[in-house]
file upload.txt (compact mmCIF, C-alpha atoms)
# COMPACT_ATOMS: atom_id res chain seq x y z
CA MET A 6 0.48 177.22 -87.57
CA LEU A 7 3.74 176.08 -86.04
CA ALA A 8 6.69 178.45 -86.21
CA PRO A 9 9.02 177.27 -88.97
CA GLU A 10 12.52 176.15 -88.10
CA THR A 11 14.91 179.01 -88.73
CA VAL A 12 17.01 178.32 -91.79
CA ASN A 13 20.75 178.31 -91.12
CA CYS A 14 22.67 180.59 -93.48
CA GLN A 15 24.59 177.58 -94.82
CA GLU A 16 21.31 175.89 -95.79
CA LEU A 17 20.21 178.86 -97.86
CA ALA A 18 21.14 179.20 -101.51
CA THR A 19 24.52 180.73 -102.24
CA LEU A 20 25.18 183.16 -105.06
CA ASN A 21 28.34 181.39 -106.24
CA ALA A 22 27.94 177.71 -107.10
CA GLY A 23 30.50 174.96 -106.65
CA GLU A 24 32.50 173.19 -103.99
CA LYS A 25 33.64 175.05 -100.86
CA PRO A 26 36.60 174.36 -98.57
CA SER A 27 36.09 173.92 -94.83
CA ALA A 28 37.48 176.28 -92.19
CA THR A 29 37.11 177.13 -88.50
CA PHE A 30 36.21 180.58 -87.20
CA LYS A 31 36.40 182.49 -83.90
CA ALA A 32 38.96 180.54 -81.93
CA SER A 33 39.26 183.87 -80.06
CA PRO A 34 37.56 187.30 -80.22
CA GLU A 35 40.56 188.60 -82.20
CA ASP A 36 39.47 186.36 -85.09
CA PHE A 37 36.50 188.69 -85.65
CA GLN A 38 37.26 192.41 -85.66
CA VAL A 39 34.70 195.06 -86.60
CA ILE A 40 35.48 198.74 -87.16
CA GLU A 41 32.53 201.09 -87.48
CA GLN A 42 32.74 203.34 -90.53
CA LEU A 43 31.79 206.77 -89.25
CA THR A 44 33.96 209.87 -89.57
CA VAL A 45 33.11 212.76 -87.25
CA GLU A 46 34.92 215.99 -86.38
CA ASP A 47 35.72 217.29 -82.93
CA GLU A 48 33.71 220.49 -82.43
CA HIS A 49 35.54 221.11 -79.11
CA ASP A 50 32.26 222.22 -77.55
CA GLY A 51 28.75 221.00 -76.89
CA GLU A 52 26.95 219.00 -74.23
CA HIS A 53 27.48 215.66 -75.99
CA GLN A 54 30.69 213.79 -75.23
CA TRP A 55 31.51 211.30 -77.98
CA LEU A 56 33.64 208.26 -77.15
CA TRP A 57 35.53 206.05 -79.62
CA VAL A 58 35.48 202.70 -77.82
CA ARG A 59 37.37 199.46 -78.34
CA LYS A 60 35.52 196.56 -76.78
CA ARG A 61 36.43 192.88 -76.44
CA GLY A 62 34.01 190.14 -75.43
CA ALA A 63 31.31 192.67 -74.49
CA ASN A 64 28.15 193.70 -76.29
CA THR A 65 27.13 197.23 -77.16
CA VAL A 66 24.28 197.56 -74.65
CA PHE A 67 26.54 196.36 -71.80
CA CYS A 68 29.10 199.05 -72.68
CA ALA A 69 26.43 201.75 -72.95
CA GLU A 70 25.16 200.88 -69.47
CA LYS A 71 28.70 200.93 -68.13
CA ILE A 72 29.28 204.40 -69.61
CA ALA A 73 26.01 205.64 -68.08
CA ARG A 74 26.89 204.31 -64.60
CA PHE A 75 30.30 205.97 -64.73
CA ALA A 76 28.69 209.31 -65.61
CA GLY A 77 25.88 208.87 -63.08
CA VAL A 78 23.08 209.20 -65.62
CA SER A 79 20.36 207.03 -67.11
CA PRO A 80 21.33 204.66 -69.96
CA LYS A 81 18.81 206.63 -72.03
CA GLN A 82 21.40 209.42 -72.15
CA VAL A 83 23.83 207.16 -74.04
CA SER A 84 23.52 206.74 -77.81
CA TYR A 85 25.19 204.54 -80.43
CA SER A 86 24.76 204.05 -84.15
CA GLY A 87 24.50 200.26 -84.25
CA LEU A 88 24.92 197.05 -82.30
CA LYS A 89 28.21 195.17 -82.53
CA ASP A 90 28.90 191.51 -81.79
CA ARG A 91 29.90 190.38 -78.33
CA GLN A 92 32.30 187.60 -79.34
CA ALA A 93 34.59 189.96 -81.21
CA VAL A 94 36.97 192.89 -80.92
CA THR A 95 35.10 195.94 -82.16
CA TRP A 96 35.44 199.69 -82.40
CA GLN A 97 32.47 202.04 -82.38
CA TRP A 98 31.26 205.49 -81.34
CA PHE A 99 29.09 206.20 -78.31
CA SER A 100 27.76 209.60 -77.25
CA ILE A 101 26.49 210.72 -73.87
CA GLN A 102 24.60 213.91 -73.07
CA LEU A 103 26.12 215.73 -70.10
CA PRO A 104 24.97 219.37 -70.19
CA GLY A 105 27.08 221.79 -68.20
CA LYS A 106 29.82 219.26 -67.43
CA ASP A 107 33.50 219.26 -68.34
CA THR A 108 34.92 216.29 -70.25
CA LEU A 109 35.07 213.38 -67.82
CA ASP A 110 38.18 211.34 -67.08
CA TRP A 111 37.02 208.57 -69.36
CA GLN A 112 40.36 206.72 -69.39
CA SER A 113 39.77 205.71 -65.76
CA LEU A 114 36.92 203.56 -67.08
CA ASN A 115 39.29 201.41 -69.15
CA ASP A 116 39.53 197.69 -68.42
CA ASP A 117 39.91 194.39 -70.29
CA GLU A 118 36.41 194.65 -71.77
CA MET A 119 36.40 198.21 -73.06
CA THR A 120 38.92 200.98 -73.72
CA ILE A 121 38.12 204.62 -74.48
CA GLU A 122 40.57 205.47 -77.26
CA LYS A 123 39.34 208.95 -78.18
CA VAL A 124 37.00 211.59 -76.74
CA ILE A 125 35.51 214.55 -78.62
CA ARG A 126 32.78 217.12 -77.93
CA ARG A 127 29.84 217.80 -80.23
CA THR A 128 26.62 219.79 -80.13
CA LYS A 129 24.44 216.90 -81.28
CA LYS A 130 23.96 213.31 -80.12
CA LEU A 131 24.93 210.23 -82.07
CA ARG A 132 21.86 208.91 -83.83
CA SER A 133 21.03 205.29 -84.63
CA GLY A 134 22.02 204.20 -88.12
CA LEU A 135 24.37 207.13 -88.74
CA HIS A 136 27.36 204.96 -89.72
CA SER A 137 27.72 204.03 -93.38
CA GLY A 138 28.92 200.50 -92.71
CA ASN A 139 31.57 198.40 -91.02
CA ARG A 140 35.03 197.13 -91.87
CA PHE A 141 35.60 193.49 -90.96
CA ILE A 142 38.92 191.75 -90.31
CA ILE A 143 38.33 188.01 -90.10
CA ARG A 144 40.74 185.13 -89.54
CA LEU A 145 39.88 181.64 -90.72
CA HIS A 146 41.84 178.68 -89.39
CA SER A 147 42.32 175.09 -90.57
CA VAL A 148 41.46 175.94 -94.17
CA SER A 149 41.18 172.59 -95.96
CA ASP A 150 42.07 173.90 -99.44
CA MET A 151 43.72 177.32 -99.62
CA ALA A 152 43.70 177.47 -103.43
CA LEU A 153 39.95 176.76 -103.51
CA LEU A 154 39.29 179.35 -100.79
CA LYS A 155 41.20 181.98 -102.80
CA GLU A 156 39.13 181.13 -105.87
CA ARG A 157 35.88 181.42 -103.88
CA TRP A 158 37.11 184.73 -102.45
CA LYS A 159 37.76 186.03 -105.97
CA GLN A 160 34.23 185.04 -106.99
CA VAL A 161 32.53 186.71 -104.03
CA THR A 162 34.53 189.94 -104.42
CA GLN A 163 33.36 190.11 -108.04
CA ASN A 164 29.82 188.74 -107.80
CA GLY A 165 28.91 189.45 -104.19
CA ALA A 166 26.66 187.40 -101.93
CA ILE A 167 22.98 187.18 -101.17
CA ASN A 168 22.24 189.83 -98.55
CA TYR A 169 20.87 187.49 -95.87
CA PHE A 170 20.20 188.47 -92.30
CA GLY A 171 22.56 186.66 -89.92
CA GLU A 172 21.46 183.94 -87.51
CA GLN A 173 21.83 186.27 -84.52
CA ARG A 174 18.76 188.13 -85.79
CA PHE A 175 16.65 185.05 -85.02
CA GLY A 176 17.93 184.18 -81.54
CA ARG A 177 19.31 180.88 -80.29
CA ASN A 178 17.74 177.98 -82.21
CA GLY A 179 15.32 180.43 -83.82
CA ASP A 180 13.68 181.24 -80.48
CA ASN A 181 12.91 184.82 -81.52
CA VAL A 182 10.93 183.61 -84.54
CA ALA A 183 8.91 181.13 -82.46
CA ALA A 184 8.18 183.69 -79.73
CA ALA A 185 7.32 186.34 -82.30
CA GLU A 186 4.83 184.06 -84.03
CA ARG A 187 3.11 183.19 -80.75
CA TRP A 188 2.79 186.88 -79.99
CA ILE A 189 1.64 188.07 -83.41
CA MET A 190 -0.89 185.26 -83.86
CA ALA A 191 -2.50 185.64 -80.43
CA SER A 192 -6.15 186.69 -80.54
CA ARG A 193 -5.23 189.70 -78.45
CA PRO A 194 -1.45 190.31 -78.68
CA LYS A 195 -0.18 191.64 -75.36
CA ARG A 196 1.57 194.97 -75.14
CA LEU A 197 5.34 194.70 -75.35
CA SER A 198 8.17 197.07 -74.65
CA LYS A 199 9.33 199.03 -77.69
CA ALA A 200 12.57 197.02 -77.77
CA LYS A 201 10.90 193.59 -77.62
CA ARG A 202 8.25 194.56 -80.15
CA GLY A 203 10.98 195.66 -82.53
CA LEU A 204 12.92 192.45 -81.90
CA TYR A 205 9.93 190.23 -82.69
CA LEU A 206 8.86 192.12 -85.80
CA SER A 207 12.42 192.16 -87.08
CA ALA A 208 12.82 188.40 -86.56
CA LEU A 209 9.67 187.56 -88.55
CA ARG A 210 10.35 189.95 -91.42
CA SER A 211 14.02 188.94 -91.62
CA PHE A 212 13.05 185.27 -91.73
CA LEU A 213 10.69 185.93 -94.64
CA PHE A 214 13.29 188.03 -96.47
CA ASN A 215 15.88 185.25 -96.18
CA LEU A 216 13.35 182.71 -97.43
CA MET A 217 12.38 184.83 -100.44
CA ALA A 218 15.98 185.76 -101.29
CA SER A 219 17.00 182.11 -101.26
CA GLU A 220 14.01 180.91 -103.29
CA ARG A 221 14.57 183.53 -105.97
CA ALA A 222 18.14 182.29 -106.43
CA LYS A 223 17.06 178.62 -106.37
CA GLN A 224 14.04 178.89 -108.64
CA LEU A 225 14.98 181.69 -111.03
CA GLY A 226 18.76 181.97 -110.78
CA ALA A 227 21.08 184.51 -109.28
CA ASP A 228 20.96 186.71 -112.40
CA SER A 229 17.19 186.66 -112.83
CA LEU A 230 15.35 189.81 -113.88
CA LEU A 231 11.59 190.13 -113.62
CA GLU A 232 9.18 192.66 -115.08
CA GLY A 233 8.00 194.78 -112.18
CA ASP A 234 11.13 194.33 -110.03
CA CYS A 235 11.80 196.95 -107.39
CA ALA A 236 15.15 198.66 -107.99
CA MET A 237 17.05 200.53 -105.29
CA LEU A 238 19.68 203.18 -105.94
CA ALA A 239 22.94 201.87 -104.50
CA GLY A 240 23.75 203.29 -101.09
CA SER A 241 20.31 204.85 -100.61
CA ASN A 242 16.70 204.06 -99.83
CA SER A 243 15.47 205.62 -103.07
CA MET A 244 13.50 203.04 -105.08
CA PHE A 245 11.47 202.72 -108.27
CA THR A 246 9.53 200.01 -110.10
CA VAL A 247 11.12 198.59 -113.24
CA GLU A 248 8.46 198.36 -115.93
CA GLN A 249 10.90 196.71 -118.32
CA TRP A 250 14.58 195.80 -118.01
CA ASP A 251 15.94 197.70 -121.00
CA HIS A 252 19.62 197.95 -121.97
CA GLU A 253 20.23 201.08 -119.91
CA LEU A 254 18.81 199.58 -116.71
CA LYS A 255 20.74 196.34 -117.24
CA GLN A 256 23.92 198.40 -117.60
CA ARG A 257 23.15 200.29 -114.40
CA LEU A 258 22.58 196.99 -112.60
CA ALA A 259 25.85 195.56 -113.93
CA SER A 260 27.76 198.66 -112.83
CA LYS A 261 26.22 198.41 -109.32
CA ASP A 262 24.47 201.79 -109.69
CA ILE A 263 21.17 200.10 -108.84
CA GLU A 264 20.25 196.90 -107.01
CA ILE A 265 17.22 194.61 -107.00
CA ALA A 266 15.38 195.03 -103.69
CA LEU A 267 13.22 192.33 -102.12
CA PRO A 268 10.52 192.95 -99.51
CA LEU A 269 10.67 193.10 -95.77
CA PRO A 270 6.98 192.12 -95.56
CA GLY A 271 4.29 194.29 -94.09
CA SER A 272 1.24 196.07 -95.41
CA ALA A 273 1.18 195.70 -99.20
CA ASN A 274 -0.45 199.10 -99.69
CA LYS A 275 2.96 200.61 -100.48
CA SER A 276 4.51 197.67 -102.32
CA MET A 277 7.11 198.74 -104.88
CA SER A 278 6.95 195.59 -107.02
CA ALA A 279 4.47 194.78 -109.79
CA GLY A 280 3.68 192.23 -112.48
CA GLU A 281 5.91 189.13 -112.60
CA SER A 282 7.95 190.24 -109.62
CA ALA A 283 4.91 190.84 -107.41
CA ASP A 284 3.43 187.47 -108.48
CA PHE A 285 6.63 185.67 -107.50
CA GLU A 286 6.85 187.44 -104.13
CA ASP A 287 3.19 186.75 -103.36
CA LYS A 288 3.67 183.05 -104.14
CA GLN A 289 6.59 182.74 -101.71
CA LEU A 290 4.68 184.56 -98.98
CA GLU A 291 1.41 182.67 -99.46
CA PRO A 292 2.10 180.07 -96.71
CA TYR A 293 2.69 182.97 -94.28
CA GLN A 294 -0.36 185.02 -95.20
CA SER A 295 -1.55 184.99 -91.58
CA TRP A 296 1.73 186.67 -90.60
CA ILE A 297 1.29 189.30 -93.33
CA GLU A 298 -2.26 190.07 -92.21
CA ALA A 299 -1.11 190.37 -88.60
CA LEU A 300 1.71 192.72 -89.62
CA ALA A 301 -0.80 194.87 -91.50
CA LYS A 302 -3.04 195.05 -88.41
CA LEU A 303 -0.02 196.24 -86.44
CA ARG A 304 0.46 198.95 -89.11
CA VAL A 305 3.86 197.69 -90.16
CA ASP A 306 4.60 199.01 -93.65
CA GLU A 307 6.47 196.93 -96.19
CA GLY A 308 10.17 197.74 -96.45
CA ARG A 309 12.80 196.76 -99.00
CA ARG A 310 16.35 195.41 -98.74
CA ALA A 311 18.96 194.88 -101.44
CA TRP A 312 18.97 191.27 -102.67
CA LYS A 313 22.75 191.14 -103.03
CA VAL A 314 25.76 192.73 -101.36
CA ILE A 315 29.35 193.06 -102.59
CA PRO A 316 32.29 193.41 -100.17
CA GLY A 317 34.18 196.66 -100.58
CA GLU A 318 37.96 197.18 -100.39
CA PRO A 319 38.61 193.42 -100.21
CA GLU A 320 42.00 192.13 -99.04
CA LEU A 321 43.28 188.61 -98.41
CA LYS A 322 46.42 187.73 -96.46
CA GLU A 323 47.66 184.16 -96.16
CA LEU A 324 49.14 184.00 -92.66
CA ASP A 325 50.34 180.41 -93.03
CA GLY A 326 49.43 177.33 -95.04
CA SER A 327 46.08 176.89 -93.30
CA THR A 328 45.26 180.35 -91.89
CA VAL A 329 43.96 183.34 -93.81
CA GLU A 330 42.95 186.88 -92.87
CA LEU A 331 40.15 188.53 -94.84
CA SER A 332 39.40 192.24 -94.72
CA PHE A 333 36.43 194.00 -96.34
CA THR A 334 33.71 196.59 -95.82
CA LEU A 335 29.96 196.09 -95.91
CA PRO A 336 27.15 198.65 -95.76
CA SER A 337 25.25 199.15 -92.54
CA GLY A 338 22.86 196.26 -91.89
CA ALA A 339 24.80 193.67 -93.92
CA TYR A 340 26.30 190.63 -92.19
CA ALA A 341 29.86 189.33 -92.55
CA THR A 342 28.55 185.76 -92.21
CA THR A 343 26.90 186.10 -95.63
CA ILE A 344 30.36 186.58 -97.14
CA LEU A 345 31.95 183.77 -95.12
CA ASN A 346 29.25 181.27 -96.06
CA GLU A 347 29.91 181.97 -99.74
CA ILE A 348 33.59 181.04 -99.51
CA ALA A 349 33.79 178.20 -96.97
CA THR A 350 31.87 175.73 -94.85
CA ILE A 351 32.42 177.25 -91.43
CA SER A 352 32.66 175.36 -88.15
CA GLY A 353 33.56 176.48 -84.66
CA GLU A 354 31.98 177.39 -81.34
CA HIS A 355 30.82 180.78 -82.57
CA LYS A 356 29.84 180.46 -86.23

call {"tool": "encode", "arguments": {"input": "upload.txt", "output": "structure tokens"}}
result
Amino acid sequence: MLAPETVNCQELATLNAGEKPSATFKASPEDFQVIEQLTVEDEHDGEHQWLWVRKRGANTVFCAEKIARFAGVSPKQVSYSGLKDRQAVTWQWFSIQLPGKDTLDWQSLNDDEMTIEKVIRRTKKLRSGLHSGNRFIIRLHSVSDMALLKERWKQVTQNGAINYFGEQRFGRNGDNVAAAERWIMASRPKRLSKAKRGLYLSALRSFLFNLMASERAKQLGADSLLEGDCAMLAGSNSMFTVEQWDHELKQRLASKDIEIALPLPGSANKSMSAGESADFEDKQLEPYQSWIEALAKLRVDEGRRAWKVIPGEPELKELDGSTVELSFTLPSGAYATTILNEIATISGEHK
């Protein structure tokens, strides 16, 4: 079976129908700013030195390695909560374990790529996934119809967007998906590093999630409810199976207290959907049954991800007649491109 061509976010179904204006994005890194949402207190003691870092045009792993070299330790001693884009200006926490050492002169590490803006001491390391989300500040240029963009923005702040994985998850031209399929379908899959194994599994499961999320919107509608849907408590990983969508559950869904969660495929032994919902999911995954069987052999359990996402604390500033600045928060794991692709047809070197 040939690896399918990765679907571009703009080719997937959108939650809000209708015409979209055109706009350009990322003329410079300052057009895409990301601020990690994680509040921590300075304990003034402990062997872990936490660094609040501003980076520009540099990825998270590069900065972590730079911090490790400066401290003279292995990169394994450096921790961060999540990866941030390279072609952007971003702020995030790093921690480094340096037992028995005074606080280093971190400001001497500052350059055009990264700046240490704050240093604190804590007794515990920064763990992956600790941040609640990210705040995005995005500038769009050459907006073809500002009134239409504002209307689309109003729709997406009220209705949200489909919670797709961004294209960066799949690699350039979908290379991660193709390489992952070759690996997973081999008669004897070779051993991979933990990082590469995770990358490949994530690419395949994310591809299938995007496919299923789009098909549910296309075939059943963005407001569809199915008997047996998996519901997730907002802001948590707590889930339950909906036997019937009664008035109370519909009200909870409307108030954003719960969300419909679609599968990140794996072993179906722990599937949280049933009935109509399970039948629909199985039908979408049927062409990829060989992938599902391979994931099960690798003991990858099924996961779940919210079908939709709504931007928090939304703000729009019109900088001039054709330039706009958007600001909003998204939970950890959600992509800003899903919001952008709801409001405009985006072009530019770094979409």

call {"tool": "atom_distance", "arguments": {"input": "upload.txt", "atom1": "atom CA of Glu248 of chain A", "atom2": "atom CA of Ala236 of chain A"}}
result
10.4 Å

call {"tool": "residues_around", "arguments": {"input": "upload.txt", "residues": "Asp251 of chain A", "least_positions_apart": "6", "cutoff": "12 Å", "atoms": "only C-alpha atoms", "output": "PyMOL selection string"}}
result
chain A and resi 230-232+257-258

call {"tool": "residues_around", "arguments": {"input": "upload.txt", "residues": "segment 17-34 of chain A", "least_positions_apart": "3", "cutoff": "8 Å", "atoms": "all atoms listed in the file", "output": "PyMOL selection string"}}
result
chain A and resi 12-14+37-38+61-62+92-94+144-151+153-154+157+160-161+164-167+215-216+219-220+222-223+227+346-356

call {"tool": "residues_around", "arguments": {"input": "upload.txt", "residues": "segment 134-138 of chain A", "least_positions_apart": "5", "cutoff": "7 Å", "atoms": "only C-alpha atoms", "output": "short mmCIF file (atom, residue, chain, number, x, y, z; two decimals) with C-alpha atoms, in the coordinates of the input"}}
result
data_model
loop_
_atom_site.label_atom_id
_atom_site.label_comp_id
_atom_site.auth_asym_id
_atom_site.auth_seq_id
_atom_site.Cartn_x
_atom_site.Cartn_y
_atom_site.Cartn_z
CA GLU A 41 32.53 201.09 -87.48
CA GLN A 42 32.74 203.34 -90.53
CA LEU A 43 31.79 206.77 -89.25
CA SER A 86 24.76 204.05 -84.15
CA GLY A 87 24.50 200.26 -84.25
CA THR A 334 33.71 196.59 -95.82
CA LEU A 335 29.96 196.09 -95.91
CA PRO A 336 27.15 198.65 -95.76
CA SER A 337 25.25 199.15 -92.54
#

call {"tool": "atom_distance", "arguments": {"input": "upload.txt", "atom1": "atom CA of Arg74 of chain A", "atom2": "atom CA of Glu48 of chain A"}}
result
25.0 Å

call {"tool": "closest_residue", "arguments": {"input": "upload.txt", "among": "A:Arg304, A:Lys71, A:Lys255, A:Lys60", "to": "Leu114 of chain A", "atoms": "all atoms listed in the file"}}
result
A:Lys71

call {"tool": "decode", "arguments": {"input": "upload.txt", "residues": "segment 118-136 of chain A", "atoms": "N, CA, C and O atoms", "output": "PDB file, in the first residue's frame"}}
result
ATOM      1  N   GLU A 118      19.840  34.940  18.626  1.00  0.00           N
ATOM      2  CA  GLU A 118      18.934  33.797  18.525  1.00  0.00           C
ATOM      3  C   GLU A 118      18.163  33.534  19.817  1.00  0.00           C
ATOM      4  O   GLU A 118      17.005  33.118  19.769  1.00  0.00           O
ATOM      5  N   MET A 119      18.795  33.739  20.950  1.00  0.00           N
ATOM      6  CA  MET A 119      18.117  33.461  22.212  1.00  0.00           C
ATOM      7  C   MET A 119      18.580  34.423  23.298  1.00  0.00           C
ATOM      8  O   MET A 119      19.743  34.819  23.343  1.00  0.00           O
ATOM      9  N   THR A 120      17.632  34.794  24.161  1.00  0.00           N
ATOM     10  CA  THR A 120      17.899  35.699  25.272  1.00  0.00           C
ATOM     11  C   THR A 120      17.297  35.112  26.537  1.00  0.00           C
ATOM     12  O   THR A 120      16.123  34.725  26.555  1.00  0.00           O
ATOM     13  N   ILE A 121      18.090  35.031  27.599  1.00  0.00           N
ATOM     14  CA  ILE A 121      17.602  34.561  28.890  1.00  0.00           C
ATOM     15  C   ILE A 121      16.998  35.761  29.606  1.00  0.00           C
ATOM     16  O   ILE A 121      17.713  36.667  30.045  1.00  0.00           O
ATOM     17  N   GLU A 122      15.679  35.795  29.755  1.00  0.00           N
ATOM     18  CA  GLU A 122      15.020  36.958  30.329  1.00  0.00           C
ATOM     19  C   GLU A 122      14.770  36.830  31.830  1.00  0.00           C
ATOM     20  O   GLU A 122      14.565  37.839  32.515  1.00  0.00           O
ATOM     21  N   LYS A 123      14.777  35.585  32.344  1.00  0.00           N
ATOM     22  CA  LYS A 123      14.533  35.395  33.766  1.00  0.00           C
ATOM     23  C   LYS A 123      15.133  34.063  34.193  1.00  0.00           C
ATOM     24  O   LYS A 123      15.132  33.095  33.416  1.00  0.00           O
ATOM     25  N   VAL A 124      15.663  34.018  35.414  1.00  0.00           N
ATOM     26  CA  VAL A 124      16.244  32.792  35.961  1.00  0.00           C
ATOM     27  C   VAL A 124      15.683  32.580  37.363  1.00  0.00           C
ATOM     28  O   VAL A 124      15.670  33.508  38.182  1.00  0.00           O
ATOM     29  N   ILE A 125      15.199  31.387  37.644  1.00  0.00           N
ATOM     30  CA  ILE A 125      14.725  31.041  38.980  1.00  0.00           C
ATOM     31  C   ILE A 125      15.310  29.689  39.382  1.00  0.00           C
ATOM     32  O   ILE A 125      15.852  28.958  38.535  1.00  0.00           O
ATOM     33  N   ARG A 126      15.212  29.355  40.670  1.00  0.00           N
ATOM     34  CA  ARG A 126      15.672  28.061  41.165  1.00  0.00           C
ATOM     35  C   ARG A 126      14.471  27.277  41.683  1.00  0.00           C
ATOM     36  O   ARG A 126      13.591  27.818  42.348  1.00  0.00           O
ATOM     37  N   ARG A 127      14.471  25.966  41.386  1.00  0.00           N
ATOM     38  CA  ARG A 127      13.397  25.099  41.859  1.00  0.00           C
ATOM     39  C   ARG A 127      13.961  23.728  42.216  1.00  0.00           C
ATOM     40  O   ARG A 127      15.029  23.329  41.737  1.00  0.00           O
ATOM     41  N   THR A 128      13.209  23.007  43.042  1.00  0.00           N
ATOM     42  CA  THR A 128      13.668  21.699  43.508  1.00  0.00           C
ATOM     43  C   THR A 128      13.355  20.585  42.526  1.00  0.00           C
ATOM     44  O   THR A 128      13.911  19.492  42.640  1.00  0.00           O
ATOM     45  N   LYS A 129      12.465  20.870  41.563  1.00  0.00           N
ATOM     46  CA  LYS A 129      12.089  19.838  40.594  1.00  0.00           C
ATOM     47  C   LYS A 129      12.333  20.322  39.174  1.00  0.00           C
ATOM     48  O   LYS A 129      12.310  21.523  38.892  1.00  0.00           O
ATOM     49  N   LYS A 130      12.527  19.375  38.261  1.00  0.00           N
ATOM     50  CA  LYS A 130      12.755  19.693  36.851  1.00  0.00           C
ATOM     51  C   LYS A 130      11.454  20.064  36.157  1.00  0.00           C
ATOM     52  O   LYS A 130      10.351  19.753  36.634  1.00  0.00           O
ATOM     53  N   LEU A 131      11.592  20.700  35.037  1.00  0.00           N
ATOM     54  CA  LEU A 131      10.450  20.992  34.166  1.00  0.00           C
ATOM     55  C   LEU A 131      10.102  19.724  33.405  1.00  0.00           C
ATOM     56  O   LEU A 131      10.964  19.137  32.743  1.00  0.00           O
ATOM     57  N   ARG A 132       8.859  19.326  33.462  1.00  0.00           N
ATOM     58  CA  ARG A 132       8.449  18.090  32.807  1.00  0.00           C
ATOM     59  C   ARG A 132       7.681  18.380  31.525  1.00  0.00           C
ATOM     60  O   ARG A 132       6.978  19.385  31.410  1.00  0.00           O
ATOM     61  N   SER A 133       7.816  17.483  30.567  1.00  0.00           N
ATOM     62  CA  SER A 133       7.157  17.637  29.267  1.00  0.00           C
ATOM     63  C   SER A 133       5.645  17.713  29.437  1.00  0.00           C
ATOM     64  O   SER A 133       5.053  16.955  30.211  1.00  0.00           O
ATOM     65  N   GLY A 134       5.029  18.650  28.728  1.00  0.00           N
ATOM     66  CA  GLY A 134       3.587  18.782  28.749  1.00  0.00           C
ATOM     67  C   GLY A 134       3.035  19.514  29.950  1.00  0.00           C
ATOM     68  O   GLY A 134       1.813  19.521  30.161  1.00  0.00           O
ATOM     69  N   LEU A 135       3.894  20.169  30.739  1.00  0.00           N
ATOM     70  CA  LEU A 135       3.422  20.840  31.946  1.00  0.00           C
ATOM     71  C   LEU A 135       2.630  22.108  31.634  1.00  0.00           C
ATOM     72  O   LEU A 135       1.737  22.483  32.391  1.00  0.00           O
ATOM     73  N   HIS A 136       2.948  22.779  30.526  1.00  0.00           N
ATOM     74  CA  HIS A 136       2.249  24.037  30.222  1.00  0.00           C
ATOM     75  C   HIS A 136       0.805  23.767  29.798  1.00  0.00           C
ATOM     76  O   HIS A 136       0.488  22.735  29.213  1.00  0.00           O
TER      77      HIS A 136
END
